[in-house]
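Engineer: One structure is given below, represented as structure tokens, and several questions about it will come after.
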Amino acid sequence: MKAPSTESTQIALSIVSHGQIGMICNLLEDLRKFDLSGTSIVLTINIPEDLSALKPFENLPISFINNEKPKGFGDNHNCAFESTICDFFTIVNPDIRLDAYNMTSLLAPFHAPDVGAVAPVILSPAGHIEDSARRFPSVSRLINRTVLGKREPDYGWDTHPIDVDWSAGMFVVYRAEAFRAIGGFDPRYFMYMEDADICLRLKRAGWRTVLQPACSVVHDARRASRRSLRHLRWHLASAFRFLFFPIRQVPPGEPVRRHQRGQ
């Protein structure tokens with residue numbers, strides 16, 4: 001079976017700015033070096049900011065969502081999904097940099113009909129592999145990571161795609177059908193752990209999450225939860241919800257429901 005052809009595939013990139021237009025300009029500068037045929041960019045402005053720096057990118061296929069009040073990570077991406085028609089929905093952090101944009105390779109694992117999400121290898125600016133592909137959090141695993149500082153990678157790989165429990169949401173491509181079927185992100189997670197939650201719900205619905213080693217992106221991590229008390233509170237609250245109240249049952253079609261191509 002062949003990989004999805006990017007010539008006929010509609011790909012949406014969802015980027016959310018929290019006063020991060022400077023970083024997003026760097027990302028857009030990377031993107032405009034590549035062929036964006038079949039690609040749309042949804043840029044959500046979560047808090048008011050000066051957008052004049054975006055003027056050089058007026059030729060890119062960008063649509064805007066301007067929030068009247070700030071929303072959480074998952075809620076923002078759900079709204080972006082609702083605003084577009086696509087086959088594959090990609091969440092992209094503002095602090096991602098792209099040395100390459102090979103969507104053909106990144107989409108290749110989707111030839112298997114039960115693959116719901118695919119992520120590239122995440123690199124630090126120094127070129128080191130980050131532990132973005134992880135096993136689902138547990139109390140003991142969180143203690144090992146946060147208290148004992150044990151952050152060994154959960155997975156090893158060669159050149160072939162591998163199944164993983166979940167991938168951190170810096171850059172993840174979701175099959176639109178799968179994203180829609182499970183109701184998108186759970187908006188109860190304002191920030192943090194929503195990426196683990198969505199992969200857990202994908203798995204329970206019969207969809208696989210795959211790491212594609214043939215592709216990589218650079219993540220200039222900000223690690224806000226390590227220096228901001230507010231972000232730390234969000235992180236702890238989300239971890240508590242995931243560990244003890246992990247699954248919200250979503251009725252079919254709610255909240256993400258409108259994206260069958262041709263509708």
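In the structure tokens, each chain is lettered A, B, ... as it comes, each chain's residues begin at 1, and ligands are numbered from 1 in order of appearance.
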Just want the 10 Å neighbourhood of region 164-171 of chain A, counted on only C-alpha atoms, with same-chain residues fewer than 6 positions away dropped. Output as a PyMOL selection string.

Structural biologist: chain A and resi 13-15+73+90-96+117-122+130-137+154-155+192-200+202-203+208-211+216-219+221

Engineer: Check region 43-230 of chain A with DSSP on the backbone and list each residue it calls alpha helix (DSSP H), as an MDAnalysis selection string.

Structural biologist: chainID A and resid 73:82 103:107 139:146 176:181 194:204 229:230

Engineer: Write the selection just made, keeping C-alpha atoms, as an mmCIF file, in the first residue's frame?

Structural biologist:
```cif
data_model
loop_
_atom_site.group_PDB
_atom_site.id
_atom_site.type_symbol
_atom_site.label_atom_id
_atom_site.label_comp_id
_atom_site.auth_asym_id
_atom_site.auth_seq_id
_atom_site.Cartn_x
_atom_site.Cartn_y
_atom_site.Cartn_z
ATOM 1 C CA PHE A 73 -3.855 24.510 24.494
ATOM 2 C CA GLY A 74 -6.362 21.836 23.540
ATOM 3 C CA ASP A 75 -9.319 24.178 23.199
ATOM 4 C CA ASN A 76 -7.333 26.395 20.804
ATOM 5 C CA HIS A 77 -6.353 23.488 18.578
ATOM 6 C CA ASN A 78 -9.895 22.101 18.626
ATOM 7 C CA CYS A 79 -11.177 25.462 17.375
ATOM 8 C CA ALA A 80 -8.500 25.506 14.680
ATOM 9 C CA PHE A 81 -9.596 22.035 13.576
ATOM 10 C CA GLU A 82 -13.192 23.214 13.386
ATOM 11 C CA MET A 103 5.493 15.651 4.692
ATOM 12 C CA THR A 104 5.619 12.667 2.319
ATOM 13 C CA SER A 105 7.906 10.801 4.725
ATOM 14 C CA LEU A 106 6.056 12.028 7.786
ATOM 15 C CA LEU A 107 2.720 10.869 6.405
ATOM 16 C CA VAL A 139 2.740 7.996 39.674
ATOM 17 C CA SER A 140 6.052 6.130 39.836
ATOM 18 C CA ARG A 141 7.185 7.414 36.440
ATOM 19 C CA LEU A 142 6.401 11.034 37.373
ATOM 20 C CA ILE A 143 8.284 10.677 40.651
ATOM 21 C CA ASN A 144 11.288 9.244 38.825
ATOM 22 C CA ARG A 145 11.263 12.120 36.326
ATOM 23 C CA THR A 146 10.435 15.098 38.533
ATOM 24 C CA ALA A 176 -8.467 14.045 10.859
ATOM 25 C CA GLU A 177 -10.835 11.079 10.977
ATOM 26 C CA ALA A 178 -9.271 9.867 14.230
ATOM 27 C CA PHE A 179 -9.081 13.343 15.774
ATOM 28 C CA ARG A 180 -12.744 13.893 15.013
ATOM 29 C CA ALA A 181 -13.814 10.424 16.179
ATOM 30 C CA GLU A 194 -3.471 16.946 26.958
ATOM 31 C CA ASP A 195 -1.053 15.305 24.508
ATOM 32 C CA ALA A 196 -0.781 12.193 26.683
ATOM 33 C CA ASP A 197 -4.542 12.171 27.201
ATOM 34 C CA ILE A 198 -5.403 12.337 23.500
ATOM 35 C CA CYS A 199 -3.025 9.476 22.690
ATOM 36 C CA LEU A 200 -4.511 7.392 25.497
ATOM 37 C CA ARG A 201 -8.001 7.984 24.096
ATOM 38 C CA LEU A 202 -6.770 7.204 20.583
ATOM 39 C CA LYS A 203 -5.332 3.928 21.831
ATOM 40 C CA ARG A 204 -8.532 2.967 23.626
ATOM 41 C CA LEU A 229 4.612 29.227 39.334
ATOM 42 C CA ARG A 230 1.413 29.538 37.279
#
```

Engineer: Out of A:Arg175, A:Gln10, A:Arg97, A:Lys71, which residue has the shortest atom-to-atom distance to Tyr189 (chain A) when counting only C-alpha atoms?

Structural biologist: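 Of all the options, A:Lys71 lies closest to Tyr189 (chain A).
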
Engineer: Please provide as a list in words all residues within 12 Å of Asn102 (chain A), with the sequence filter that same-chain residues fewer than 4 positions apart are discarded (counting only C-alpha atoms).

Structural biologist: Ser5, Thr6, Leu31, Lys33, Phe34, Asp35, Leu36, Leu98, Leu106, Leu107, Ala108, Pro120, Gln212, Ala214, Cys215, Ser216 and Val217 of chain A
